[in-house]
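Structure below is structure22.txt: compact mmCIF, C-alpha atoms.
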```txt
# COMPACT_ATOMS: atom_id res chain seq x y z
CA MET A 63 0.00 0.00 0.00
CA SER A 64 1.39 3.40 -0.93
CA THR A 65 2.01 5.90 1.83
CA GLU A 66 -0.52 8.35 0.36
CA GLN A 67 -3.32 5.77 0.47
CA ILE A 68 -2.67 4.35 3.91
CA GLY A 69 -4.96 5.30 6.78
CA TYR A 70 -3.85 6.36 10.23
CA ALA A 71 -4.62 3.03 11.92
CA ASP A 72 -2.81 1.03 9.26
CA ALA A 73 0.19 3.38 9.34
CA LEU A 74 0.38 3.12 13.11
CA SER A 75 0.12 -0.66 12.97
CA GLU A 76 2.92 -0.86 10.41
CA LEU A 77 5.02 1.50 12.51
CA GLN A 78 4.59 -0.76 15.53
CA GLN A 79 5.62 -3.76 13.44
CA ILE A 80 8.73 -1.95 12.18
CA LEU A 81 9.62 -0.87 15.71
CA GLY A 82 9.45 -4.48 16.85
CA GLU A 83 11.74 -5.50 14.00
CA LEU A 84 14.20 -2.70 14.79
CA GLU A 85 14.33 -3.74 18.44
CA ALA A 86 15.25 -7.31 17.50
CA GLU A 87 18.89 -8.19 18.05
CA ASP A 88 19.09 -10.13 14.81
CA ILE A 89 17.97 -7.38 12.43
CA ASP A 90 19.50 -7.63 8.98
CA ILE A 91 21.73 -4.59 8.63
CA ASP A 92 21.07 -4.57 4.89
CA VAL A 93 17.39 -3.75 5.46
CA LEU A 94 17.87 -1.41 8.42
CA ALA A 95 18.02 1.80 6.38
CA ALA A 96 14.94 0.81 4.37
CA LYS A 97 12.99 0.08 7.56
CA VAL A 98 13.98 3.41 9.10
CA GLU A 99 13.07 5.24 5.89
CA ARG A 100 9.65 3.54 5.77
CA ALA A 101 9.09 4.39 9.44
CA ALA A 102 9.86 8.05 8.72
CA GLU A 103 7.31 8.05 5.87
CA LEU A 104 4.68 6.51 8.14
CA ILE A 105 5.38 9.04 10.88
CA ARG A 106 4.84 11.85 8.36
CA VAL A 107 1.53 10.26 7.33
CA CYS A 108 0.38 9.96 10.96
CA ARG A 109 1.34 13.55 11.74
CA GLY A 110 -0.48 14.75 8.65
CA ARG A 111 -3.63 12.81 9.57
CA ILE A 112 -3.51 14.19 13.13
CA ASN A 113 -3.03 17.75 11.86
CA ASP A 114 -5.90 17.36 9.38
CA ALA A 115 -8.18 16.03 12.11
CA GLU A 116 -7.23 18.89 14.44
CA VAL A 117 -8.04 21.48 11.79
CA ARG A 118 -11.35 19.79 11.00
CA VAL A 119 -12.35 19.59 14.69
CA LYS A 120 -11.52 23.29 15.15
CA GLU A 121 -13.65 24.14 12.10
CA ILE A 122 -16.57 22.12 13.48
CA VAL A 123 -16.31 23.73 16.92
CA ALA A 124 -16.07 27.20 15.36
CA GLY A 125 -19.18 26.42 13.32
CA LEU A 126 -21.03 25.36 16.45
CA ASP A 127 -19.93 28.57 18.19
CA ARG A 128 -21.21 30.64 15.25
CA GLU A 129 -24.53 28.79 15.28
CA ASN A 130 -24.81 29.40 19.02
CA ASP A 131 -24.03 33.11 18.59
CA GLU A 132 -26.58 33.42 15.79
CA SER A 133 -29.30 31.72 17.83
CA SER A 134 -28.74 33.88 20.94
CA PRO A 135 -31.14 36.79 21.36
CA PRO A 136 -29.61 40.24 20.78
CA GLY A 137 -28.07 41.68 23.93
CA ALA A 138 -27.99 38.30 25.69
CA GLU A 139 -24.69 37.58 27.36
CA ASP A 140 -23.37 34.42 28.98
CA ASP A 141 -23.24 34.69 32.76
```
Would you put the structure from the file into structure tokens?
Amino acid sequence: MSTEQIGYADALSELQQILGELEAEDIDIDVLAAKVERAAELIRVCRGRINDAEVRVKEIVAGLDRENDESSPPGAEDD
């Protein structure tokens, strides 16, 4: 699966698998760099998904705040 198509849960799962492989004492040194590179790609994907979710949540909350402000009677203040 390409990095651009992978979801957060799958990326995290693959990261955990790679971490387990990197912690093994018998890791093949010839594949070490490739594993670390793939892990870095997956970390970027996870960070991107988290950032996207954070932006979306903030937009939703802001929308709810606007709806609340619009539905409040004029001159009404929160006490």
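One distance worth recording is that between atom CA of A:Gly125 and atom CA of A:Gly110, which is 22.5 Å.
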task: Excluding A:Cys108 and any residue of its chain fewer than 3 positions from it, enumerate the residues within 9 Å of it, using all atoms listed in the file, and give them as a ChimeraX atom specification.
output: /A:69-71,73-74,103-105,111-113
- prompt: In Å, how far is it from atom CA of A:Gln78 to atom CA of A:Leu94?
  reply: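 Here the two named atoms are 15.1 Å from each other.
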Kindly compute an axis-aligned box around the listed atoms of stretch 114-130 of chain A, allowing 4 Å on each side, and express its centre and edge lengths in Å to one decimal as AutoDock Vina command-line options.
```
--center_x -15.4 --center_y 23.3 --center_z 14.2 --size_x 26.9 --size_y 22.6 --size_z 17.6
```
query: Taking into account all atoms listed in the file, which residue in the set A:Asp72, A:Glu83, A:Glu121, A:Asp127 is nearest to A:Lys97?
result: A:Glu83
query: What does the distance between atom CA of A:Glu87 and atom CA of A:Ile68 come to in Å, to one decimal place?
result: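 Separation between atom CA of A:Glu87 and atom CA of A:Ile68: 28.7 Å.
Across A:Ile91, A:Ala101, A:Val119, A:Leu126, the tightest approach to A:Gln79 is made by A:Ala101 when counting only C-alpha atoms.
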